[in-house]
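K.L.:
Got start29.txt for you, compact mmCIF, C-alpha atoms:
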```
# COMPACT_ATOMS: atom_id res chain seq x y z
CA MET A 1 11.86 -48.04 30.62
CA THR A 2 8.29 -48.74 29.46
CA SER A 3 7.02 -48.31 25.94
CA ALA A 4 5.08 -45.19 26.93
CA GLU A 5 8.36 -43.51 27.94
CA LEU A 6 9.91 -44.08 24.51
CA ALA A 7 9.38 -41.32 21.97
CA ILE A 8 7.82 -42.08 18.58
CA ARG A 9 8.13 -39.37 15.94
CA VAL A 10 7.96 -38.87 12.20
CA GLY A 11 11.23 -39.69 10.50
CA THR A 12 13.68 -37.42 8.74
CA ALA A 13 16.22 -38.07 6.00
CA ASP A 14 18.97 -37.88 8.62
CA ASP A 15 17.51 -40.93 10.39
CA TRP A 16 18.20 -43.29 7.52
CA PRO A 17 21.72 -44.53 8.51
CA ALA A 18 20.53 -45.43 12.03
CA VAL A 19 17.29 -46.93 10.68
CA SER A 20 19.28 -48.98 8.17
CA ASP A 21 21.50 -50.28 10.96
CA LEU A 22 18.44 -51.27 12.99
CA LEU A 23 16.87 -53.08 10.04
CA SER A 24 20.09 -54.96 9.36
CA VAL A 25 19.92 -56.37 12.89
CA VAL A 26 16.20 -57.12 12.78
CA PHE A 27 16.24 -58.77 9.32
CA HIS A 28 19.76 -60.26 9.45
CA HIS A 29 21.38 -58.63 6.44
CA THR A 30 24.44 -56.46 5.82
CA ALA A 31 23.58 -52.79 6.28
CA ASP A 32 26.48 -51.39 4.24
CA GLU A 33 25.37 -53.13 1.03
CA MET A 34 21.66 -52.52 1.43
CA ARG A 35 21.79 -48.95 2.71
CA ASP A 36 21.98 -47.09 -0.61
CA VAL A 37 19.55 -49.42 -2.42
CA GLU A 38 16.85 -49.26 0.26
CA GLY A 39 17.55 -45.60 0.89
CA SER A 40 16.75 -44.77 -2.72
CA VAL A 41 13.05 -45.57 -2.13
CA TYR A 42 12.84 -44.56 1.54
CA GLU A 43 10.16 -41.97 2.36
CA PRO A 44 11.16 -40.42 5.72
CA ASP A 45 7.96 -38.40 6.04
CA ARG A 46 6.04 -41.71 6.00
CA ALA A 47 8.26 -43.33 8.64
CA LEU A 48 7.69 -43.63 12.37
CA VAL A 49 10.90 -43.72 14.39
CA ALA A 50 11.04 -44.86 18.01
CA THR A 51 13.99 -43.63 20.02
CA ASP A 52 15.57 -44.33 23.38
CA GLY A 53 17.77 -41.31 23.98
CA ASP A 54 19.82 -40.96 20.82
CA LEU A 55 19.28 -44.59 19.75
CA VAL A 56 16.78 -45.65 17.09
CA VAL A 57 15.07 -48.70 18.62
CA GLY A 58 11.91 -49.08 16.53
CA HIS A 59 10.68 -48.30 13.05
CA ALA A 60 7.63 -48.63 10.81
CA ALA A 61 7.27 -47.05 7.38
CA ALA A 62 5.20 -47.01 4.22
CA TYR A 63 5.79 -46.49 0.52
CA THR A 64 3.52 -44.38 -1.67
CA ARG A 65 2.53 -46.69 -4.52
CA ASP A 66 -0.57 -47.81 -6.39
CA LEU A 67 -1.94 -51.34 -6.14
CA THR A 68 -4.00 -53.21 -8.72
CA VAL A 69 -7.22 -54.65 -7.31
CA PRO A 70 -10.02 -56.40 -9.22
CA GLY A 71 -11.10 -54.00 -11.95
CA ALA A 72 -9.19 -50.96 -10.68
CA VAL A 73 -5.89 -49.41 -9.63
CA LEU A 74 -5.88 -47.42 -6.41
CA PRO A 75 -3.46 -45.78 -3.98
CA ALA A 76 -2.36 -48.17 -1.24
CA ALA A 77 -0.05 -47.65 1.71
CA HIS A 78 2.75 -50.19 1.22
CA VAL A 79 3.76 -50.93 4.82
CA THR A 80 7.39 -51.92 5.21
CA GLN A 81 10.52 -51.95 7.37
CA VAL A 82 8.67 -52.72 10.60
CA GLY A 83 10.91 -53.80 13.45
CA VAL A 84 12.00 -53.32 17.05
CA ALA A 85 15.51 -53.63 18.44
CA PRO A 86 16.11 -56.93 20.30
CA THR A 87 16.82 -54.93 23.46
CA HIS A 88 13.39 -53.26 23.38
CA ARG A 89 11.02 -56.13 22.56
CA ARG A 90 7.99 -57.07 24.68
CA ARG A 91 7.30 -53.49 25.74
CA GLY A 92 4.37 -52.71 23.44
CA LEU A 93 6.46 -50.59 21.08
CA LEU A 94 5.35 -52.41 17.93
CA ASN A 95 1.75 -52.09 19.02
CA ARG A 96 2.08 -48.32 19.44
CA MET A 97 3.73 -47.85 16.06
CA MET A 98 1.27 -50.01 14.13
CA ARG A 99 -1.81 -48.43 15.68
CA ARG A 100 -0.47 -44.92 15.15
CA GLN A 101 0.36 -45.76 11.56
CA LEU A 102 -3.18 -46.99 10.92
CA ASP A 103 -4.63 -43.86 12.51
CA GLU A 104 -2.44 -41.68 10.28
CA PHE A 105 -3.46 -43.58 7.13
CA ALA A 106 -7.12 -43.11 8.03
CA ALA A 107 -6.72 -39.43 8.91
CA ALA A 108 -4.91 -38.65 5.67
CA GLY A 109 -7.73 -40.20 3.64
CA ARG A 110 -5.56 -40.84 0.57
CA GLU A 111 -5.28 -44.63 0.66
CA PRO A 112 -8.34 -46.81 1.27
CA VAL A 113 -6.22 -49.92 1.89
CA ALA A 114 -2.79 -50.82 3.24
CA VAL A 115 -0.73 -53.78 2.05
CA LEU A 116 2.33 -55.60 3.39
CA TRP A 117 4.45 -58.76 3.36
CA ALA A 118 4.51 -60.41 6.77
CA SER A 119 7.84 -61.56 8.17
CA GLU A 120 5.89 -63.29 10.97
CA THR A 121 2.32 -64.15 10.10
CA ARG A 122 0.94 -64.20 13.65
CA ILE A 123 1.67 -60.48 14.12
CA TYR A 124 -0.40 -58.64 11.55
CA PRO A 125 -3.92 -60.06 12.07
CA ARG A 126 -3.77 -58.19 15.40
CA TYR A 127 -3.97 -55.00 13.36
CA GLY A 128 -6.65 -56.13 10.92
CA PHE A 129 -4.46 -57.36 8.06
CA GLY A 130 -5.85 -60.40 6.24
CA PRO A 131 -3.92 -62.88 4.04
CA ALA A 132 -5.32 -61.70 0.70
CA ALA A 133 -2.93 -63.18 -1.88
CA GLN A 134 -1.32 -66.58 -1.48
CA ARG A 135 1.52 -67.55 -3.79
CA LEU A 136 2.78 -70.73 -5.37
CA THR A 137 6.39 -71.76 -5.07
CA MET A 138 7.79 -74.34 -7.44
CA HIS A 139 10.90 -76.49 -7.00
CA ILE A 140 11.00 -77.98 -10.48
CA MET A 141 12.83 -81.13 -11.58
CA ASN A 142 13.27 -79.68 -15.05
CA ARG A 143 14.80 -82.80 -16.61
CA GLU A 144 11.87 -84.90 -15.43
CA ILE A 145 9.27 -83.02 -17.47
CA THR A 146 8.69 -82.26 -21.12
CA PRO A 147 8.99 -78.47 -21.40
CA PRO A 148 6.05 -76.47 -22.77
CA ALA A 149 5.51 -76.59 -26.51
CA VAL A 150 5.66 -73.14 -28.10
CA PRO A 151 2.98 -72.34 -30.71
CA ALA A 152 4.27 -71.14 -34.07
CA SER A 153 4.71 -67.38 -34.09
CA ASP A 154 6.97 -64.59 -35.24
CA GLY A 155 8.19 -63.97 -31.70
CA ARG A 156 11.85 -64.31 -30.73
CA LEU A 157 13.74 -64.46 -27.45
CA ARG A 158 16.67 -62.14 -26.78
CA MET A 159 19.02 -62.25 -23.78
CA VAL A 160 19.41 -58.83 -22.13
CA ASP A 161 21.08 -57.03 -19.27
CA PRO A 162 17.96 -56.24 -17.18
CA ALA A 163 19.11 -52.75 -16.20
CA ALA A 164 19.87 -51.85 -19.82
CA ALA A 165 16.56 -53.29 -21.07
CA VAL A 166 14.32 -51.59 -18.51
CA ALA A 167 12.30 -49.84 -21.26
CA ASP A 168 11.21 -53.20 -22.67
CA LEU A 169 10.50 -54.62 -19.22
CA ARG A 170 8.45 -51.57 -18.31
CA THR A 171 6.44 -51.78 -21.56
CA VAL A 172 5.37 -55.35 -20.82
CA TYR A 173 4.76 -54.76 -17.12
CA GLU A 174 2.65 -51.64 -17.66
CA SER A 175 0.56 -53.31 -20.36
CA LEU A 176 -0.48 -55.98 -17.85
CA ARG A 177 -0.44 -54.15 -14.51
CA PRO A 178 -3.98 -52.69 -14.72
CA HIS A 179 -5.35 -56.24 -14.99
CA ARG A 180 -3.23 -58.14 -12.44
CA PRO A 181 -4.45 -57.82 -8.84
CA GLY A 182 -1.55 -57.67 -6.44
CA TRP A 183 0.86 -55.80 -8.71
CA SER A 184 2.27 -52.45 -7.56
CA SER A 185 3.24 -49.39 -9.56
CA ARG A 186 6.91 -48.99 -10.47
CA ASP A 187 8.37 -45.58 -11.27
CA ASP A 188 12.04 -45.12 -12.20
CA ARG A 189 13.16 -45.45 -8.58
CA TRP A 190 11.28 -48.69 -8.15
CA TRP A 191 12.60 -50.23 -11.36
CA ARG A 192 16.12 -49.51 -10.14
CA PHE A 193 15.24 -51.06 -6.79
CA VAL A 194 13.66 -54.18 -8.33
CA LEU A 195 16.65 -54.69 -10.62
CA SER A 196 19.28 -54.01 -7.96
CA ASP A 197 21.67 -56.93 -7.87
CA LEU A 198 23.89 -56.78 -4.81
CA PRO A 199 26.31 -59.69 -4.33
CA SER A 200 24.87 -60.36 -0.87
CA GLN A 201 21.46 -60.98 -2.44
CA ARG A 202 22.64 -63.57 -4.93
CA GLY A 203 22.84 -66.52 -2.54
CA GLY A 204 25.95 -67.84 -4.27
CA GLY A 205 24.39 -67.43 -7.71
CA THR A 206 25.35 -65.44 -10.77
CA ARG A 207 24.36 -61.87 -11.52
CA LEU A 208 20.76 -61.26 -12.56
CA HIS A 209 19.98 -62.21 -16.16
CA GLY A 210 17.07 -61.23 -18.38
CA VAL A 211 15.36 -62.50 -21.49
CA VAL A 212 12.74 -60.63 -23.52
CA HIS A 213 10.17 -62.07 -25.92
CA HIS A 214 10.05 -59.75 -28.94
CA THR A 215 7.51 -59.58 -31.76
CA PRO A 216 7.26 -57.19 -34.73
CA ASP A 217 4.80 -55.19 -32.62
CA GLY A 218 7.14 -54.90 -29.65
CA PRO A 219 8.01 -56.88 -26.50
CA THR A 220 5.32 -59.21 -25.15
CA GLY A 221 7.10 -60.88 -22.25
CA TYR A 222 10.21 -61.07 -20.12
CA ALA A 223 11.83 -63.20 -17.44
CA LEU A 224 14.44 -62.40 -14.79
CA TRP A 225 16.60 -65.15 -13.34
CA ARG A 226 20.04 -66.17 -12.10
CA THR A 227 21.79 -69.54 -11.95
CA GLU A 228 23.61 -71.29 -9.14
CA SER A 229 26.34 -73.62 -10.37
CA ARG A 230 26.73 -77.08 -8.86
CA TRP A 231 28.42 -80.31 -9.92
CA ASP A 232 28.14 -83.70 -8.28
CA ALA A 233 29.15 -87.30 -9.00
CA HIS A 234 26.64 -87.41 -11.86
CA GLY A 235 27.85 -84.21 -13.53
CA PRO A 236 26.24 -80.76 -13.85
CA ASP A 237 23.49 -80.02 -11.33
CA ALA A 238 22.92 -76.25 -11.53
CA THR A 239 19.75 -74.47 -10.36
CA VAL A 240 17.85 -71.70 -12.14
CA HIS A 241 16.47 -69.18 -9.64
CA ILE A 242 13.54 -67.43 -11.32
CA ARG A 243 12.65 -63.93 -10.11
CA GLU A 244 9.84 -62.89 -12.50
CA VAL A 245 8.03 -64.29 -15.52
CA VAL A 246 5.74 -61.69 -17.10
CA ALA A 247 3.94 -62.54 -20.33
CA ALA A 248 1.17 -60.82 -22.27
CA ASP A 249 -0.08 -63.90 -24.11
CA PRO A 250 0.17 -67.71 -24.13
CA VAL A 251 2.87 -67.74 -26.83
CA ALA A 252 5.25 -65.54 -24.84
CA TYR A 253 4.43 -67.43 -21.65
CA ALA A 254 5.24 -70.83 -23.16
CA ALA A 255 8.41 -69.54 -24.84
CA LEU A 256 9.77 -68.01 -21.65
CA TRP A 257 9.11 -71.09 -19.53
CA ARG A 258 10.54 -73.42 -22.18
CA PHE A 259 13.69 -71.28 -22.17
CA LEU A 260 13.98 -71.28 -18.36
CA LEU A 261 13.44 -75.05 -18.07
CA THR A 262 15.97 -76.04 -20.74
CA ILE A 263 19.07 -74.01 -19.81
CA ASP A 264 22.14 -76.17 -20.29
CA LEU A 265 23.82 -77.78 -17.27
CA THR A 266 20.80 -77.18 -15.01
CA ARG A 267 18.67 -79.82 -13.29
CA THR A 268 16.42 -77.70 -11.09
CA ALA A 269 14.43 -74.49 -11.44
CA VAL A 270 13.02 -72.60 -8.45
CA ALA A 271 10.30 -69.94 -8.65
CA GLU A 272 8.81 -68.41 -5.50
CA TYR A 273 6.37 -65.67 -6.56
CA LEU A 274 3.71 -67.27 -8.74
CA ALA A 275 -0.06 -66.91 -8.72
CA LEU A 276 -2.31 -69.73 -7.54
CA ASP A 277 -3.79 -69.93 -11.05
CA GLU A 278 -0.40 -70.13 -12.76
CA PRO A 279 -0.84 -71.76 -16.22
CA LEU A 280 2.42 -73.78 -16.09
CA PRO A 281 0.89 -76.93 -14.49
CA HIS A 282 -1.35 -77.20 -17.56
CA LEU A 283 1.60 -77.03 -19.97
CA VAL A 284 3.81 -79.86 -18.73
CA ASP A 285 3.35 -83.62 -18.91
CA GLU A 286 4.28 -84.37 -15.28
CA PRO A 287 2.98 -81.54 -13.04
CA ARG A 288 4.02 -83.36 -9.85
CA ARG A 289 7.63 -82.70 -10.85
CA LEU A 290 6.91 -78.98 -10.49
CA GLY A 291 7.13 -79.41 -6.71
CA ILE A 292 4.25 -77.03 -5.99
CA ARG A 293 3.69 -75.55 -2.54
CA MET A 294 1.51 -72.69 -1.32
CA GLN A 295 2.67 -69.88 0.95
CA ASP A 296 1.28 -66.56 2.08
CA GLY A 297 2.04 -63.42 0.10
CA LEU A 298 0.27 -60.06 0.33
CA TRP A 299 -1.74 -59.02 3.38
CA ILE A 300 -4.45 -56.37 3.02
CA ARG A 301 -5.84 -54.00 5.64
CA ILE A 302 -9.07 -52.11 4.89
CA VAL A 303 -8.45 -48.52 6.01
CA ASP A 304 -11.49 -46.70 4.59
CA LEU A 305 -14.21 -49.33 4.20
CA PRO A 306 -16.71 -47.51 1.93
CA ALA A 307 -13.97 -46.11 -0.30
CA ALA A 308 -12.21 -49.49 -0.56
CA LEU A 309 -15.32 -51.50 -1.41
CA ALA A 310 -16.54 -48.87 -3.90
CA ALA A 311 -13.14 -48.63 -5.61
CA ARG A 312 -12.91 -52.22 -6.86
CA ARG A 313 -15.16 -53.92 -9.40
CA TYR A 314 -17.26 -57.07 -9.06
CA PRO A 315 -17.65 -59.67 -11.86
CA THR A 316 -21.32 -60.27 -10.95
CA GLU A 317 -23.97 -57.92 -9.62
CA VAL A 318 -23.87 -57.54 -5.85
CA ASP A 319 -26.33 -56.00 -3.39
CA VAL A 320 -25.46 -56.98 0.16
CA VAL A 321 -25.63 -55.41 3.62
CA LEU A 322 -22.52 -56.07 5.69
CA ASP A 323 -22.43 -55.80 9.47
CA VAL A 324 -18.77 -54.94 10.02
CA THR A 325 -16.68 -54.66 13.19
CA ASP A 326 -13.35 -52.81 13.34
CA PRO A 327 -11.95 -52.27 16.85
CA ASP A 328 -8.91 -50.31 15.65
CA LEU A 329 -10.65 -47.96 13.19
CA PRO A 330 -14.12 -47.58 14.67
CA ARG A 331 -15.39 -45.45 11.81
CA ASN A 332 -15.47 -48.65 9.73
CA THR A 333 -17.77 -50.34 12.25
CA GLY A 334 -21.45 -50.52 11.38
CA ARG A 335 -23.83 -51.72 8.69
CA TRP A 336 -22.87 -50.97 5.10
CA ARG A 337 -24.80 -51.58 1.90
CA LEU A 338 -22.55 -52.57 -1.00
CA THR A 339 -24.06 -52.42 -4.49
CA GLY A 340 -22.21 -52.82 -7.74
CA GLY A 341 -21.00 -54.97 -10.58
CA PRO A 342 -18.53 -54.93 -13.49
CA ASP A 343 -19.07 -51.23 -14.27
CA GLY A 344 -18.91 -49.65 -10.82
CA ALA A 345 -19.84 -49.90 -7.17
CA ALA A 346 -21.10 -47.86 -4.23
CA CYS A 347 -20.95 -48.43 -0.50
CA ALA A 348 -22.84 -46.41 2.11
CA ARG A 349 -24.12 -46.72 5.67
CA THR A 350 -27.57 -48.22 6.08
CA ASP A 351 -30.13 -49.12 8.71
CA ALA A 352 -31.29 -52.13 6.69
CA PRO A 353 -30.97 -55.61 8.22
CA ALA A 354 -27.56 -57.20 7.68
CA ASP A 355 -27.02 -60.11 5.28
CA LEU A 356 -23.50 -61.02 6.41
CA ALA A 357 -21.44 -60.24 9.52
CA CYS A 358 -17.63 -60.10 9.69
CA THR A 359 -14.70 -57.87 10.60
CA THR A 360 -12.53 -55.74 8.35
CA LEU A 361 -9.90 -58.50 8.53
CA GLU A 362 -12.16 -60.86 6.56
CA LEU A 363 -12.96 -58.13 4.02
CA GLY A 364 -9.23 -57.52 3.59
CA THR A 365 -8.68 -61.23 3.08
CA VAL A 366 -11.14 -61.41 0.17
CA TYR A 367 -10.44 -57.95 -1.22
CA LEU A 368 -8.08 -59.00 -4.03
CA GLY A 369 -10.31 -61.86 -5.20
CA GLY A 370 -8.23 -64.68 -3.72
CA PRO A 371 -9.70 -66.42 -0.65
CA THR A 372 -13.50 -66.47 -0.68
CA LEU A 373 -16.15 -65.35 1.74
CA ALA A 374 -17.51 -68.89 1.58
CA SER A 375 -14.22 -70.39 2.76
CA LEU A 376 -14.05 -67.89 5.62
CA ALA A 377 -17.64 -68.77 6.52
CA GLY A 378 -16.58 -72.41 6.66
CA ALA A 379 -13.96 -71.37 9.20
CA GLY A 380 -16.59 -69.53 11.25
CA ARG A 381 -15.14 -66.14 10.37
CA VAL A 382 -18.06 -64.84 8.25
CA HIS A 383 -21.66 -65.32 9.38
CA GLU A 384 -24.58 -65.57 6.98
CA LEU A 385 -27.63 -63.78 8.37
CA THR A 386 -29.81 -63.89 5.23
CA PRO A 387 -30.10 -67.27 3.47
CA GLY A 388 -28.46 -67.18 0.03
CA ALA A 389 -26.52 -63.98 0.67
CA LEU A 390 -23.22 -65.79 1.24
CA ALA A 391 -23.20 -67.54 -2.13
CA ARG A 392 -24.04 -64.36 -4.04
CA ALA A 393 -21.52 -62.18 -2.22
CA SER A 394 -18.76 -64.79 -2.33
CA THR A 395 -19.12 -65.07 -6.11
CA ALA A 396 -19.17 -61.28 -6.51
CA PHE A 397 -15.93 -60.81 -4.58
CA GLY A 398 -14.06 -63.14 -6.95
CA GLY A 399 -11.93 -62.04 -9.88
CA LEU A 400 -10.99 -63.07 -13.40
CA ARG A 401 -7.46 -63.94 -12.26
CA MET A 402 -6.12 -64.87 -8.85
CA PRO A 403 -3.97 -62.15 -7.24
CA ASN A 404 -0.28 -62.40 -8.03
CA PRO A 405 2.12 -61.33 -5.23
CA LEU A 406 4.99 -60.73 -7.63
CA GLU A 407 7.31 -58.49 -5.64
CA VAL A 408 8.47 -58.17 -2.03
CA PHE A 409 8.77 -54.55 -0.93
```
Would you mind writing the file's structure down as structure tokens?
P.N.:
Amino acid sequence: MTSAELAIRVGTADDWPAVSDLLSVVFHHTADEMRDVEGSVYEPDRALVATDGDLVVGHAAAYTRDLTVPGAVLPAAHVTQVGVAPTHRRRGLLNRMMRRQLDEFAAAGREPVAVLWASETRIYPRYGFGPAAQRLTMHIMNREITPPAVPASDGRLRMVDPAAAVADLRTVYESLRPHRPGWSSRDDRWWRFVLSDLPSQRGGGTRLHGVVHHTPDGPTGYALWRTESRWDAHGPDATVHIREVVAADPVAYAALWRFLLTIDLTRTAVAEYLALDEPLPHLVDEPRRLGIRMQDGLWIRIVDLPAALAARRYPTEVDVVLDVTDPDLPRNTGRWRLTGGPDGAACARTDAPADLACTTLELGTVYLGGPTLASLAGAGRVHELTPGALARASTAFGGLRMPNPLEVF
């Protein structure tokens, strides 16, 4: 049977058990444990289900959430749960689902961008997604460094059960979310999802722990982590697995990291979802012992080019004509004049000569203020047509902070 003979339809709530079973095969996890947790945030009317008879053999979905971008918060389609049964690969089914999904996003007109985490990074550039937010991972030898010094303050740390302390966590998160590109909105359902703590997700570690930094004015930071016990011939050798460190100021940041790096009986701390401009390397005396590596994080797809470019803010004034190509969403193709700065922006079609030429993939790559237009030009992906335009536009697409891919969805 060819891909064209397989039906693709909008999902229903009744599809979820079969979809969950498919995803457990595709992503190698236990369906029974994950079904209720993932089902609590599932949006069947935003799912595409491919069937072969009465079997679910393909799936692609999206969550309805907001995404912080430089200077703004906007609706973004959070693409997720994309997979094809092993028996139905290499038939073009993924291609049909992804292109239909993009067409539906564009037709709905609600979300100017789409965002995803890529399980395989070679797949999603085919559909115009660019690697917009890299992340740092750290494998820290915590006994080989002097932990951060904590400035004098009236703040205090308190251990908490994360699920019971969600009000404090939410207060800190929401105070920072409008200013942290790459962060997504979290309603009650999403806080329950983020704090879910199934045994199969612990990797042999303890339950999820939390610590909150409190001040007389309220909470200003929190961290989520678990430990994995280990002993060897030299004694205790446990690892701290750090999920999130969220801090509103340098005092809370230093206090939380000092706490995480000095837990008794541990020798290693691992954090996997940190921003490229993470302050920690500037707070320790031996940054090599942080074991820093860079990996990909969030991928952005420009869905509605003028709406997307006008929605975000630019730290410096910009006035540039972009010659853009988009083979999958042709309405984005053409010449566009982008004008704007810190207080607002506009983007409209123009007949003026182009200053830069690229595709929507490159614009998605720089959209969150991470990779630069200049670096893409160095790779031959962006072409400067007007001398000096590249430097000005590359600076304007930057941000105060690097994007932070904090959460896998």
K.L.:
With only C-alpha atoms counted, which protein, DNA or RNA residues have an atom no more than 10 Å from (-2.0, -50.6, 12.5) in the file frame? Please answer as a ChimeraX atom specification.
P.N.:
/A:60,79,94-105,114,124-129,301,303,328-329
K.L.:
What is the distance between CA of Leu93 (chain A) and CA of Val113 (chain A), in Å to one decimal?
P.N.:
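Spanning CA of Leu93 (chain A) to CA of Val113 (chain A) is a straight-line distance of 23.0 Å.
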K.L.:
Report, in Å to a single decimal, how far apart CA of Thr206 (chain A) and CA of Val37 (chain A) are.
P.N.:
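According to the coordinates, CA of Val37 (chain A) and CA of Thr206 (chain A) are separated by 19.0 Å.
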K.L.:
Considering all atoms listed in the file, can you say which of A:Arg110, A:Arg381, A:Arg335, A:Arg65 comes closest to Ala352 (chain A)?
P.N.:
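Distance minimum relative to Ala352 (chain A) lands on A:Arg335.
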K.L.:
Enter the distance from CA of Arg90 (chain A) to CA of Ala18 (chain A), in Å, rounded to one decimal.
P.N.:
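CA of Arg90 (chain A) sits 21.3 Å away from CA of Ala18 (chain A).
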K.L.:
May I have the protein, DNA and RNA residues with any atom at most 7 Å from the point (-2.3, -56.8, -5.5), counting all atoms listed in the file, written as number ranges by chain?
P.N.:
A: 67-69, 181-184, 368, 403-405
K.L.:
Write out as a list in words which residues come within 10 Å of Gly369 (chain A) when counting all atoms listed in the file, dropping same-chain ones fewer than 6 positions away.
P.N.:
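Selected residues are Val69, Pro70, Ala132, Ala133, Pro181, Gly182, Tyr314, Ser394, Thr395, Ala396, Phe397, Gly398, Gly399, Leu400, Arg401, Met402 and Pro403 of chain A.
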K.L.:
Extract, using all atoms listed in the file, all DNA, RNA and protein residues at most 12 Å from Asp249 (chain A), discarding same-chain residues fewer than 6 positions from it, and format them as a PyMOL selection string.
P.N.:
chain A and resi 150-151+153+155+172+175-176+213-215+219-222+255-256+279
K.L.:
Report the closest atom pair, with its distance in Å rounded to one decimal, for each residue of region 53-172 of chain A that has an atom no farther than 12 Å from region 229-246 of chain A; count only C-alpha atoms, sort by chain and then rising residue number, and write it as a Markdown table.
P.N.:
```
| residue | atom | partner | partner_atom | distance |
| --- | --- | --- | --- | --- |
| A:Thr137 | CA | A:Ile242 | CA | 10.4 |
| A:Met138 | CA | A:Ile242 | CA | 9.8 |
| A:His139 | CA | A:His241 | CA | 9.6 |
| A:Ile140 | CA | A:Thr239 | CA | 9.4 |
| A:Met141 | CA | A:Thr239 | CA | 9.7 |
| A:Asn142 | CA | A:Thr239 | CA | 9.5 |
| A:Arg143 | CA | A:Asp237 | CA | 10.5 |
| A:Pro162 | CA | A:Glu244 | CA | 11.5 |
| A:Asp168 | CA | A:Val246 | CA | 11.5 |
| A:Leu169 | CA | A:Val246 | CA | 8.8 |
| A:Arg170 | CA | A:Val246 | CA | 10.5 |
| A:Thr171 | CA | A:Val246 | CA | 10.9 |
| A:Val172 | CA | A:Val246 | CA | 7.4 |
```
K.L.:
Have a look at A:Leu23, A:Leu298, A:Ala374, A:Leu338 and name the one nearest to Leu406 (chain A); count only C-alpha atoms.
P.N.:
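Ranking A:Leu23, A:Leu298, A:Ala374, A:Leu338 by distance to Leu406 (chain A), first place goes to A:Leu298.
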K.L.:
Which of these residues is nearest to Leu280 (chain A), using all atoms listed in the file: A:Val318, A:Ile145, A:Ile263, A:Val408?
P.N.:
A:Ile145
K.L.:
Find the residue from A:Phe409, A:Gly291, A:Ala7, A:Tyr253 that sits nearest to Tyr42 (chain A); use all atoms listed in the file when measuring.
P.N.:
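Checking each candidate against Tyr42 (chain A), we get A:Phe409 as the closest.
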K.L.:
Quick one: residues within 10 Å of Leu22 (chain A), only C-alpha atoms counted, chain neighbours fewer than 3 positions away excluded, as a ChimeraX atom specification?
P.N.:
/A:16-19,25-28,31,55-59,81,83-86
